[in-house]
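Visitor: This is input_0.cif (mmCIF, C-alpha atoms).
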```cif
data_upload
#
loop_
_atom_site.label_atom_id
_atom_site.label_comp_id
_atom_site.auth_asym_id
_atom_site.auth_seq_id
_atom_site.Cartn_x
_atom_site.Cartn_y
_atom_site.Cartn_z
CA MET A 24 85.27 70.21 -112.31
CA SER A 25 89.00 70.47 -112.84
CA GLU A 26 90.77 72.64 -115.42
CA TRP A 27 92.29 70.81 -118.39
CA PHE A 28 95.84 71.49 -117.17
CA GLU A 29 95.26 69.90 -113.76
CA THR A 30 95.26 66.30 -115.03
CA ALA A 31 97.63 64.44 -117.31
CA ASP A 32 94.71 63.15 -119.37
CA GLY A 33 93.37 66.68 -119.68
CA ILE A 34 96.71 67.92 -120.95
CA LEU A 35 97.06 65.06 -123.44
CA ALA A 36 93.58 65.77 -124.81
CA LYS A 37 94.49 69.46 -125.08
CA VAL A 38 97.71 68.60 -126.94
CA TRP A 39 95.86 66.55 -129.55
CA GLY A 40 93.08 69.13 -129.76
CA THR A 41 95.71 71.80 -130.38
CA LEU A 42 97.41 69.72 -133.09
CA GLY A 43 94.00 69.20 -134.71
CA ARG A 44 93.37 72.96 -134.66
CA GLY A 45 96.73 73.49 -136.32
CA VAL A 46 95.81 71.13 -139.14
CA ALA A 47 92.42 72.78 -139.67
CA ASP A 48 93.18 76.47 -139.10
CA ALA A 49 95.88 78.26 -141.10
CA LYS A 50 96.04 81.04 -138.49
CA HIS A 51 96.55 78.81 -135.45
CA PRO A 52 100.04 78.71 -133.88
CA ALA A 53 100.05 74.90 -134.10
CA ARG A 54 99.81 75.28 -137.89
CA ARG A 55 103.51 76.12 -138.05
CA PRO A 56 105.60 73.99 -135.71
CA THR A 57 109.33 74.40 -135.57
CA PHE A 58 110.91 71.23 -136.92
CA ALA A 59 114.35 70.41 -135.51
CA THR A 60 116.74 67.86 -136.96
CA ILE A 61 120.45 67.03 -136.84
CA SER A 62 122.51 67.91 -139.90
CA PRO A 63 124.88 65.34 -141.43
CA ASP A 64 127.80 67.32 -139.93
CA GLY A 65 126.31 67.28 -136.43
CA TRP A 66 124.58 70.64 -136.08
CA PRO A 67 121.13 71.10 -134.63
CA GLU A 68 118.83 72.71 -137.22
CA ALA A 69 115.38 74.25 -136.93
CA ARG A 70 112.89 75.62 -139.44
CA THR A 71 109.18 76.24 -139.75
CA VAL A 72 107.00 73.55 -141.30
CA VAL A 73 103.25 73.31 -141.90
CA LEU A 74 101.35 70.67 -139.95
CA ARG A 75 99.25 68.62 -142.40
CA THR A 76 97.72 65.79 -140.36
CA ALA A 77 97.58 64.72 -136.71
CA ASP A 78 96.30 61.23 -135.88
CA ARG A 79 95.97 60.61 -132.15
CA GLU A 80 95.03 56.95 -132.60
CA ALA A 81 98.24 56.18 -134.50
CA GLY A 82 100.34 58.81 -132.71
CA VAL A 83 101.50 60.18 -136.06
CA VAL A 84 101.70 63.68 -137.51
CA THR A 85 102.74 64.56 -141.05
CA VAL A 86 104.38 67.47 -142.83
CA HIS A 87 105.21 68.00 -146.50
CA THR A 88 108.54 69.05 -147.90
CA ASP A 89 110.68 69.32 -151.00
CA LEU A 90 112.63 66.11 -151.51
CA TYR A 91 115.75 68.20 -152.23
CA SER A 92 115.56 70.31 -149.06
CA ASP A 93 118.26 70.27 -146.39
CA LYS A 94 115.97 68.57 -143.92
CA ILE A 95 115.76 65.49 -146.13
CA LYS A 96 119.57 65.19 -146.13
CA SER A 97 119.52 65.49 -142.36
CA LEU A 98 116.75 62.91 -141.97
CA HIS A 99 118.66 60.47 -144.16
CA ALA A 100 121.57 60.78 -141.73
CA THR A 101 119.45 60.83 -138.53
CA PRO A 102 115.77 59.93 -139.06
CA ARG A 103 114.61 61.79 -135.93
CA ALA A 104 112.89 65.11 -135.47
CA ALA A 105 111.69 67.31 -132.64
CA LEU A 106 108.56 69.36 -133.28
CA HIS A 107 107.93 72.41 -131.13
CA ILE A 108 104.79 74.49 -130.72
CA TRP A 109 104.29 77.48 -128.45
CA ASP A 110 100.64 78.42 -128.05
CA ALA A 111 100.74 81.73 -126.19
CA LYS A 112 96.96 81.97 -125.75
CA GLN A 113 96.86 78.66 -123.90
CA ASP A 114 100.23 79.16 -122.16
CA LEU A 115 101.07 75.78 -123.60
CA GLN A 116 104.38 74.49 -124.92
CA ILE A 117 104.19 71.23 -126.86
CA ARG A 118 107.33 69.28 -127.65
CA LEU A 119 107.22 66.13 -129.76
CA GLN A 120 109.98 63.67 -130.51
CA ALA A 121 109.41 61.56 -133.60
CA GLU A 122 110.98 58.93 -135.77
CA VAL A 123 110.57 60.11 -139.32
CA SER A 124 110.03 58.16 -142.51
CA ILE A 125 110.21 59.84 -145.90
CA ASN A 126 107.60 59.03 -148.51
CA SER A 127 107.83 60.16 -152.11
CA GLY A 128 107.28 59.06 -155.69
CA ALA A 129 104.47 56.60 -156.34
CA LYS A 130 103.53 56.53 -152.65
CA THR A 131 102.64 60.22 -152.58
CA ARG A 132 101.34 60.71 -156.12
CA ALA A 133 97.65 60.40 -155.21
CA LEU A 134 98.08 63.02 -152.49
CA TRP A 135 99.99 65.34 -154.85
CA ASP A 136 97.15 65.25 -157.34
CA LYS A 137 94.81 66.59 -154.65
CA ILE A 138 97.01 69.57 -153.76
CA PRO A 139 95.79 72.87 -155.28
CA ASP A 140 97.99 74.39 -158.01
CA HIS A 141 99.13 77.34 -155.89
CA ALA A 142 100.22 74.98 -153.09
CA GLN A 143 102.10 72.75 -155.51
CA GLN A 144 104.32 75.79 -156.09
CA SER A 145 106.01 74.96 -152.78
CA TYR A 146 107.55 71.78 -154.18
CA GLY A 147 110.11 71.92 -156.92
CA VAL A 148 112.50 74.77 -157.51
CA THR A 149 115.44 75.09 -159.91
CA PRO A 150 118.17 75.14 -158.75
CA PRO A 151 117.37 72.95 -155.71
CA PRO A 152 116.79 74.60 -152.28
CA GLY A 153 119.98 75.91 -150.68
CA THR A 154 121.95 76.29 -153.92
CA PRO A 155 123.95 79.56 -154.05
CA ILE A 156 122.47 81.96 -156.61
CA GLU A 157 123.59 85.33 -157.98
CA THR A 158 120.62 87.45 -156.92
CA GLY A 159 117.63 86.81 -154.67
CA LEU A 160 115.28 85.87 -157.51
CA ASP A 161 117.60 83.73 -159.65
CA TYR A 162 115.40 80.65 -159.34
CA VAL A 163 112.35 79.19 -161.04
CA LYS A 164 109.40 77.60 -159.29
CA ASP A 165 108.85 74.36 -161.05
CA PRO A 166 106.10 72.26 -159.44
CA ASP A 167 107.13 68.66 -159.80
CA PRO A 168 105.54 65.64 -158.13
CA ALA A 169 108.97 63.98 -158.18
CA THR A 170 110.18 66.49 -155.56
CA PHE A 171 107.15 66.15 -153.27
CA ALA A 172 107.79 64.30 -150.02
CA VAL A 173 105.57 63.47 -147.06
CA LEU A 174 107.29 63.07 -143.70
CA ASP A 175 105.50 60.58 -141.47
CA CYS A 176 106.47 61.52 -137.93
CA THR A 177 105.80 58.62 -135.58
CA LEU A 178 105.72 60.18 -132.14
CA ILE A 179 107.90 58.60 -129.46
CA THR A 180 107.40 61.18 -126.71
CA ILE A 181 105.11 64.13 -126.08
CA ASP A 182 106.26 66.68 -123.50
CA ALA A 183 103.83 69.42 -122.52
CA VAL A 184 104.36 72.39 -120.23
CA HIS A 185 101.53 74.61 -119.03
CA LEU A 186 102.93 77.97 -117.98
CA GLY A 187 99.94 79.32 -116.09
CA ALA A 188 99.91 80.77 -112.56
CA ASP A 189 101.52 77.44 -111.68
CA HIS A 190 103.83 75.57 -114.02
CA ARG A 191 102.98 71.98 -114.81
CA ARG A 192 105.04 69.66 -116.97
CA VAL A 193 104.02 66.20 -118.05
CA SER A 194 105.61 63.66 -120.34
CA PHE A 195 103.93 60.92 -122.35
CA SER A 196 105.65 58.16 -124.26
CA ARG A 197 104.64 55.54 -126.76
CA ALA A 198 106.62 53.00 -124.70
CA ARG A 199 104.34 53.70 -121.71
CA HIS A 200 101.22 53.69 -123.88
CA TRP A 201 100.87 57.47 -123.53
CA GLN A 202 100.32 57.27 -119.80
CA GLY A 203 101.32 60.62 -118.27
CA GLN A 204 104.33 61.20 -116.02
CA TRP A 205 104.53 64.52 -114.19
CA LEU A 206 107.97 66.12 -114.23
CA SER A 207 109.48 68.93 -112.23
CA PRO A 208 109.20 71.97 -114.49
CA MET B 29 114.35 103.16 -152.83
CA SER B 30 114.41 99.41 -152.41
CA GLU B 31 112.49 97.40 -149.84
CA TRP B 32 114.53 95.94 -147.00
CA PHE B 33 114.11 92.38 -148.30
CA GLU B 34 115.52 93.20 -151.74
CA THR B 35 119.14 93.47 -150.60
CA ALA B 36 121.26 91.17 -148.47
CA ASP B 37 122.39 94.12 -146.33
CA GLY B 38 118.77 95.16 -145.87
CA ILE B 39 117.84 91.69 -144.67
CA LEU B 40 120.81 91.50 -142.30
CA ALA B 41 119.88 94.86 -140.79
CA LYS B 42 116.27 93.64 -140.42
CA VAL B 43 117.46 90.45 -138.70
CA TRP B 44 119.44 92.37 -136.10
CA GLY B 45 116.66 94.92 -135.72
CA THR B 46 114.23 92.07 -135.10
CA LEU B 47 116.53 90.46 -132.53
CA GLY B 48 116.83 93.84 -130.81
CA ARG B 49 113.06 94.16 -130.71
CA GLY B 50 112.85 90.72 -129.15
CA VAL B 51 115.23 91.74 -126.38
CA ALA B 52 113.32 94.97 -125.68
CA ASP B 53 109.69 93.93 -126.16
CA ALA B 54 108.19 91.03 -124.19
CA LYS B 55 105.33 90.74 -126.71
CA HIS B 56 107.49 90.51 -129.84
CA PRO B 57 107.81 87.07 -131.52
CA ALA B 58 111.61 87.37 -131.43
CA ARG B 59 111.35 87.46 -127.63
CA ARG B 60 110.84 83.71 -127.57
CA PRO B 61 113.04 81.86 -130.05
CA THR B 62 112.93 78.12 -130.30
CA PHE B 63 116.26 76.77 -129.10
CA ALA B 64 117.30 73.45 -130.65
CA THR B 65 120.09 71.24 -129.37
CA ILE B 66 121.22 67.61 -129.65
CA SER B 67 120.61 65.41 -126.63
CA PRO B 68 123.41 63.20 -125.26
CA ASP B 69 121.62 60.18 -126.80
CA GLY B 70 121.43 61.77 -130.24
CA TRP B 71 117.92 63.22 -130.44
CA PRO B 72 117.14 66.67 -131.73
CA GLU B 73 115.44 68.74 -129.03
CA ALA B 74 113.61 72.06 -129.15
CA ARG B 75 112.13 74.36 -126.52
CA THR B 76 111.22 78.00 -126.06
CA VAL B 77 113.78 80.35 -124.53
CA VAL B 78 113.75 84.07 -123.80
CA LEU B 79 116.16 86.24 -125.77
CA ARG B 80 118.10 88.42 -123.32
CA THR B 81 120.73 90.24 -125.38
CA ALA B 82 121.66 90.58 -129.07
CA ASP B 83 124.99 92.17 -129.97
CA ARG B 84 125.47 92.68 -133.71
CA GLU B 85 129.04 93.90 -133.34
CA ALA B 86 130.14 90.70 -131.57
CA GLY B 87 127.64 88.45 -133.35
CA VAL B 88 126.47 87.07 -129.99
CA VAL B 89 123.05 86.53 -128.45
CA THR B 90 122.38 85.32 -124.90
CA VAL B 91 119.69 83.39 -123.09
CA HIS B 92 119.35 82.41 -119.44
CA THR B 93 118.62 78.96 -118.12
CA ASP B 94 118.64 76.71 -115.09
CA LEU B 95 122.03 75.00 -114.76
CA TYR B 96 120.22 71.71 -114.08
CA SER B 97 117.99 71.83 -117.15
CA ASP B 98 118.14 69.24 -119.92
CA LYS B 99 119.57 71.74 -122.38
CA ILE B 100 122.70 72.11 -120.25
CA LYS B 101 123.29 68.36 -120.39
CA SER B 102 122.85 68.50 -124.15
CA LEU B 103 125.19 71.47 -124.52
CA HIS B 104 127.85 69.71 -122.47
CA ALA B 105 127.69 66.86 -124.99
CA THR B 106 127.35 69.07 -128.11
CA PRO B 107 127.98 72.79 -127.50
CA ARG B 108 125.93 73.88 -130.51
CA ALA B 109 122.46 75.35 -130.81
CA ALA B 110 120.08 76.45 -133.53
CA LEU B 111 117.79 79.37 -132.72
CA HIS B 112 114.65 79.83 -134.75
CA ILE B 113 112.29 82.80 -135.00
CA TRP B 114 109.21 83.11 -137.17
CA ASP B 115 107.95 86.69 -137.37
CA ALA B 116 104.60 86.39 -139.14
CA LYS B 117 104.03 90.15 -139.44
CA GLN B 118 107.25 90.57 -141.39
CA ASP B 119 106.97 87.23 -143.23
CA LEU B 120 110.47 86.63 -141.93
CA GLN B 121 112.06 83.39 -140.76
CA ILE B 122 115.36 83.79 -138.92
CA ARG B 123 117.60 80.78 -138.32
CA LEU B 124 120.79 81.09 -136.30
CA GLN B 125 123.51 78.51 -135.71
CA ALA B 126 125.66 79.16 -132.68
CA GLU B 127 128.48 77.75 -130.66
CA VAL B 128 127.40 77.94 -127.04
CA SER B 129 129.41 78.55 -123.91
CA ILE B 130 127.87 78.12 -120.48
CA ASN B 131 128.55 80.71 -117.81
CA SER B 132 127.57 80.28 -114.17
CA GLY B 133 128.77 80.79 -110.62
CA ALA B 134 131.00 83.78 -109.95
CA LYS B 135 130.87 84.84 -113.60
CA THR B 136 127.12 85.41 -113.53
CA ARG B 137 126.65 86.57 -109.93
CA ALA B 138 126.64 90.29 -110.71
CA LEU B 139 123.96 89.73 -113.37
CA TRP B 140 121.89 87.57 -110.99
CA ASP B 141 121.83 90.33 -108.42
CA LYS B 142 120.21 92.64 -110.99
CA ILE B 143 117.39 90.22 -111.85
CA PRO B 144 114.05 91.11 -110.19
CA ASP B 145 112.83 88.72 -107.49
CA HIS B 146 109.90 87.40 -109.56
CA ALA B 147 112.24 86.60 -112.45
CA GLN B 148 114.72 84.84 -110.17
CA GLN B 149 111.88 82.35 -109.57
CA SER B 150 112.73 80.83 -112.96
CA TYR B 151 116.07 79.51 -111.71
CA GLY B 152 116.22 76.87 -109.05
CA VAL B 153 113.58 74.23 -108.48
CA THR B 154 113.58 71.20 -106.16
CA PRO B 155 113.71 68.50 -107.42
CA PRO B 156 115.73 69.57 -110.49
CA PRO B 157 113.93 70.13 -113.84
CA GLY B 158 112.81 66.91 -115.52
CA THR B 159 112.70 64.81 -112.34
CA PRO B 160 109.62 62.55 -112.19
CA ILE B 161 107.19 63.74 -109.48
CA GLU B 162 103.98 62.31 -108.06
CA THR B 163 101.59 65.13 -108.94
CA GLY B 164 101.90 68.22 -111.12
CA LEU B 165 102.75 70.55 -108.23
CA ASP B 166 105.16 68.34 -106.23
CA TYR B 167 108.02 70.80 -106.55
CA VAL B 168 109.30 73.89 -104.79
CA LYS B 169 110.58 77.03 -106.51
CA ASP B 170 113.83 77.78 -104.82
CA PRO B 171 115.66 80.74 -106.41
CA ASP B 172 119.33 80.00 -106.20
CA PRO B 173 122.15 81.90 -107.90
CA ALA B 174 124.08 78.63 -108.03
CA THR B 175 121.60 77.30 -110.60
CA PHE B 176 121.60 80.42 -112.80
CA ALA B 177 123.37 80.03 -116.13
CA VAL B 178 123.91 82.40 -119.04
CA LEU B 179 124.33 80.84 -122.46
CA ASP B 180 126.58 82.91 -124.72
CA CYS B 181 125.61 81.97 -128.25
CA THR B 182 128.36 82.93 -130.68
CA LEU B 183 126.68 83.01 -134.07
CA ILE B 184 128.33 81.04 -136.86
CA THR B 185 125.62 81.42 -139.51
CA ILE B 186 122.48 83.48 -139.97
CA ASP B 187 119.95 82.21 -142.49
CA ALA B 188 116.99 84.43 -143.31
CA VAL B 189 113.99 83.72 -145.51
CA HIS B 190 111.50 86.40 -146.54
CA LEU B 191 108.23 84.78 -147.52
CA GLY B 192 106.58 87.71 -149.26
CA ALA B 193 105.02 87.73 -152.75
CA ASP B 194 108.44 86.43 -153.79
CA HIS B 195 110.56 84.21 -151.59
CA ARG B 196 114.09 85.32 -150.89
CA ARG B 197 116.63 83.39 -148.89
CA VAL B 198 120.05 84.65 -147.88
CA SER B 199 122.79 83.19 -145.73
CA PHE B 200 125.45 85.04 -143.75
CA SER B 201 128.40 83.48 -142.00
CA ARG B 202 131.02 84.62 -139.54
CA ALA B 203 133.65 82.93 -141.76
CA ARG B 204 132.64 85.23 -144.64
CA HIS B 205 132.48 88.29 -142.37
CA TRP B 206 128.67 88.33 -142.59
CA GLN B 207 128.69 89.00 -146.29
CA GLY B 208 125.39 87.77 -147.75
CA GLN B 209 124.99 84.80 -150.08
CA TRP B 210 121.63 84.40 -151.81
CA LEU B 211 120.32 80.84 -151.85
CA SER B 212 117.57 79.16 -153.81
CA PRO B 213 114.60 79.11 -151.42
#
```
Before anything else, please render the file you have as structure tokens.
Guide:
Amino acid sequence: MSEWFETADGILAKVWGTLGRGVADAKHPARRPTFATISPDGWPEARTVVLRTADREAGVVTVHTDLYSDKIKSLHATPRAALHIWDAKQDLQIRLQAEVSINSGAKTRALWDKIPDHAQQSYGVTPPPGTPIETGLDYVKDPDPATFAVLDCTLITIDAVHLGADHRRVSFSRARHWQGQWLSP
Amino acid sequence: MSEWFETADGILAKVWGTLGRGVADAKHPARRPTFATISPDGWPEARTVVLRTADREAGVVTVHTDLYSDKIKSLHATPRAALHIWDAKQDLQIRLQAEVSINSGAKTRALWDKIPDHAQQSYGVTPPPGTPIETGLDYVKDPDPATFAVLDCTLITIDAVHLGADHRRVSFSRARHWQGQWLSP
């Protein structure tokens, strides 16, 4: 019986299992990936997001955001993201590269209606996110379905590193039908 | 007596205190920032790094890497990085944008000689990082001062978000001499 990190298939299953845990468990490290994009003026950017869905069959994960956030401006310029998860308990680093499409308006209205009131507070603020304000609390939360956006992240590559007693790194790509390729770590 | 997150100066002091904790304490979340760059072919990338120094006076943090790692190729193409830290206990997200210079060879030799043997194992692997290999362990750790690089990250902006009962977001920039600007969160 081999350990999960000894085979590429074992690692891929662990990656998707970890993403699933992140979706289901608010306390799991995979709940809050770092989401990296490229700003319109050519800077790398990174911020925390909340993982909402992870669909292994489709190779798609989703996150929610405010349609007026900086990351939307960046994704309009370069519709690509890197998602990063470090799961210390499993000694597992997960790195995803994704093409991102932005859904909002009528397409996301049914989903919005299912979001609890307190969670809707995360979408819609006046003035919009990133606007300079006089003091720290000079803004109003203003839940608004028109500012709710769902980012569909279609995975292109998955890179996983297990940092156990030995280090193992393996890469999977949509182009190769998610077949694993070991890489020097 | 105000809480640290109620003033811009308080938040800036907390940011640097947190970075200092990361340097000193291997278990602290600031020990392992996510380091985002732009690949030569225009993809955002993100991976974990270890924070080695944080100098508030100079506004510089450093990390170490293998000179043959992907991030070096990316930094040659675009010498900019975003560093991201999420400190759950303090409800604090720290985002840094930095111009990065790569030091290696004679410039880093004195530092290399001070690194313990087991830590030197992180620099130098044959074949180089990212090379396809047949099985997960088809590589040899080969500590080599010639592959040791220090990334000097000269901070340009610091963006901090405190996600307490209220959300507060403040931005600091080198251009404005690290004076705080509150932003809508």
Visitor: Considering only C-alpha atoms, state which residue in the set B:Leu79, B:Asp187, B:Pro57, B:His195 is at the smallest distance from Lys164 of chain A.
Guide: B:His195
Visitor: Using all atoms listed in the file, which residues sit within 12 Å of Leu106 of chain A once same-chain residues fewer than 3 positions away are excluded, as JSON, numbers by chain?
Guide: {"A": [42, 53, 54, 55, 56, 57, 58, 59, 60, 68, 69, 70, 71, 72, 73, 74, 83, 84, 85, 86, 103, 109, 116, 117, 118, 119, 120, 121, 122, 123, 176, 177, 178, 179, 180, 181, 182, 183], "B": [62, 63, 64, 71, 72, 73, 74, 75, 76]}
Visitor: Counting only C-alpha atoms, collect the residues of chain B whose closest atom lies at most 7 Å from chain A, and write them out as a ChimeraX atom specification.
Guide: /B:64-66,71-75,108-110,112,155-165,167,196-197,209-213
Visitor: Report, in Å with one decimal, the straight-line distance from atom CA of Asp145 of chain B to atom CA of Gly45 of chain B.
Guide: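 Computing the Euclidean distance for atom CA of Asp145 of chain B and atom CA of Gly45 of chain B yields 29.2 Å.
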Visitor: Would you kindly return, as a compact mmCIF listing (two decimals) with C-alpha atoms, in the coordinates of the input, each protein, DNA or RNA residue with an atom no farther than 10 Å from any atom of Val173 of chain A, considering only C-alpha atoms and excluding same-chain residues fewer than 5 positions away?
Guide:
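Saved file selection-v5.txt follows:
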```txt
# COMPACT_ATOMS: atom_id res chain seq x y z
CA ARG A 75 99.25 68.62 -142.40
CA THR A 85 102.74 64.56 -141.05
CA VAL A 86 104.38 67.47 -142.83
CA HIS A 87 105.21 68.00 -146.50
CA THR A 88 108.54 69.05 -147.90
CA ASP A 89 110.68 69.32 -151.00
CA LEU A 90 112.63 66.11 -151.51
CA VAL A 123 110.57 60.11 -139.32
CA SER A 124 110.03 58.16 -142.51
CA ILE A 125 110.21 59.84 -145.90
CA ASN A 126 107.60 59.03 -148.51
CA SER A 127 107.83 60.16 -152.11
CA GLY A 128 107.28 59.06 -155.69
CA LYS A 130 103.53 56.53 -152.65
CA THR A 131 102.64 60.22 -152.58
CA LEU A 134 98.08 63.02 -152.49
CA TRP A 135 99.99 65.34 -154.85
```
Visitor: Using only C-alpha atoms, can you tell me which of A:Ala172, A:Ala81, A:Val38, A:Ala49 comes closest to Ala129 of chain A?
Guide: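 When distances to Ala129 of chain A are compared using only C-alpha atoms, the smallest one comes from A:Ala172.
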Visitor: Rounded to one decimal, what separation in Å do you get between atom CA of Ile143 of chain B and atom CA of Ala82 of chain B?
Guide: 17.7 Å
Visitor: May I ask for the distance between atom CA of Ala138 of chain B and atom CA of Gly152 of chain B, given in Å to one decimal place?
Guide: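 Rounded to one decimal, the two atoms are 17.1 Å apart.
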Visitor: Could you tell me which residues the PyMOL selection byres ((chain B and resi 120) around 6) returns for this structure, as a CSV table (one decimal) with C-alpha atoms, in the coordinates of the input?
Guide:
```csv
chain,number,residue,atom,x,y,z
B,115,ASP,CA,108.0,86.7,-137.4
B,118,GLN,CA,107.2,90.6,-141.4
B,119,ASP,CA,107.0,87.2,-143.2
B,121,GLN,CA,112.1,83.4,-140.8
B,189,VAL,CA,114.0,83.7,-145.5
B,190,HIS,CA,111.5,86.4,-146.5
```
Visitor: Compile the contact shell of Glu80 of chain A as a PyMOL selection string: residues with an atom at most 12 Å away, counting all atoms listed in the file, same-chain residues fewer than 6 positions apart removed.
Guide: chain A and resi 36+39+177-178+197+200-201
Visitor: Compare B:Thr81, B:His146, B:Ser102, B:Ile39 by their minimum atom-to-atom distance to Phe200 of chain B, counting all atoms listed in the file, and give me the closest one.
Guide: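 Answer, going by the shortest atom-to-atom distance: B:Ile39.
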Visitor: Save segment 43-50 of chain A of the structure in the block above to a file, with all heavy atoms included, as a PDB file, in the first residue's frame.
Guide:
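The resulting out_18.pdb:
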```pdb
ATOM      1  N   GLY A  43     -12.069  20.190  -2.171  1.00  0.00           N
ATOM      2  CA  GLY A  43     -13.417  19.896  -1.680  1.00  0.00           C
ATOM      3  C   GLY A  43     -13.572  20.228  -0.204  1.00  0.00           C
ATOM      4  O   GLY A  43     -14.597  20.773   0.226  1.00  0.00           O
ATOM      5  N   ARG A  44     -12.536  19.917   0.592  1.00  0.00           N
ATOM      6  CA  ARG A  44     -12.559  20.267   2.017  1.00  0.00           C
ATOM      7  C   ARG A  44     -12.641  21.780   2.195  1.00  0.00           C
ATOM      8  O   ARG A  44     -13.348  22.276   3.074  1.00  0.00           O
ATOM      9  CB  ARG A  44     -11.297  19.742   2.717  1.00  0.00           C
ATOM     10  CG  ARG A  44     -11.272  18.235   2.942  1.00  0.00           C
ATOM     11  CD  ARG A  44     -12.180  17.815   4.087  1.00  0.00           C
ATOM     12  NE  ARG A  44     -11.902  18.570   5.314  1.00  0.00           N
ATOM     13  CZ  ARG A  44     -10.882  18.324   6.146  1.00  0.00           C
ATOM     14  NH1 ARG A  44     -10.044  17.329   5.895  1.00  0.00           N
ATOM     15  NH2 ARG A  44     -10.705  19.057   7.222  1.00  0.00           N
ATOM     16  N   GLY A  45     -11.900  22.498   1.359  1.00  0.00           N
ATOM     17  CA  GLY A  45     -11.931  23.954   1.451  1.00  0.00           C
ATOM     18  C   GLY A  45     -13.329  24.520   1.194  1.00  0.00           C
ATOM     19  O   GLY A  45     -13.770  25.450   1.868  1.00  0.00           O
ATOM     20  N   VAL A  46     -14.015  23.940   0.227  1.00  0.00           N
ATOM     21  CA  VAL A  46     -15.375  24.397  -0.076  1.00  0.00           C
ATOM     22  C   VAL A  46     -16.311  24.120   1.104  1.00  0.00           C
ATOM     23  O   VAL A  46     -17.155  24.945   1.466  1.00  0.00           O
ATOM     24  CB  VAL A  46     -15.901  23.695  -1.355  1.00  0.00           C
ATOM     25  CG1 VAL A  46     -17.387  23.974  -1.562  1.00  0.00           C
ATOM     26  CG2 VAL A  46     -15.094  24.141  -2.574  1.00  0.00           C
ATOM     27  N   ALA A  47     -16.121  22.960   1.738  1.00  0.00           N
ATOM     28  CA  ALA A  47     -17.081  22.508   2.760  1.00  0.00           C
ATOM     29  C   ALA A  47     -16.788  23.050   4.151  1.00  0.00           C
ATOM     30  O   ALA A  47     -17.695  23.189   4.971  1.00  0.00           O
ATOM     31  CB  ALA A  47     -17.081  20.973   2.799  1.00  0.00           C
ATOM     32  N   ASP A  48     -15.521  23.339   4.438  1.00  0.00           N
ATOM     33  CA  ASP A  48     -15.099  23.604   5.818  1.00  0.00           C
ATOM     34  C   ASP A  48     -14.460  24.991   5.928  1.00  0.00           C
ATOM     35  O   ASP A  48     -13.358  25.229   5.436  1.00  0.00           O
ATOM     36  CB  ASP A  48     -14.098  22.507   6.233  1.00  0.00           C
ATOM     37  CG  ASP A  48     -13.504  22.740   7.620  1.00  0.00           C
ATOM     38  OD1 ASP A  48     -13.840  23.751   8.271  1.00  0.00           O
ATOM     39  OD2 ASP A  48     -12.688  21.899   8.040  1.00  0.00           O
ATOM     40  N   ALA A  49     -15.160  25.892   6.612  1.00  0.00           N
ATOM     41  CA  ALA A  49     -14.705  27.288   6.703  1.00  0.00           C
ATOM     42  C   ALA A  49     -13.360  27.413   7.408  1.00  0.00           C
ATOM     43  O   ALA A  49     -12.683  28.439   7.267  1.00  0.00           O
ATOM     44  CB  ALA A  49     -15.754  28.144   7.419  1.00  0.00           C
ATOM     45  N   LYS A  50     -12.952  26.395   8.166  1.00  0.00           N
ATOM     46  CA  LYS A  50     -11.705  26.490   8.920  1.00  0.00           C
ATOM     47  C   LYS A  50     -10.511  25.867   8.174  1.00  0.00           C
ATOM     48  O   LYS A  50      -9.382  25.905   8.651  1.00  0.00           O
ATOM     49  CB  LYS A  50     -11.846  25.747  10.267  1.00  0.00           C
ATOM     50  CG  LYS A  50     -12.925  26.311  11.179  1.00  0.00           C
ATOM     51  CD  LYS A  50     -12.493  27.640  11.767  1.00  0.00           C
ATOM     52  CE  LYS A  50     -13.518  28.164  12.774  1.00  0.00           C
ATOM     53  NZ  LYS A  50     -13.265  29.570  13.105  1.00  0.00           N
TER      54      LYS A  50
END
```
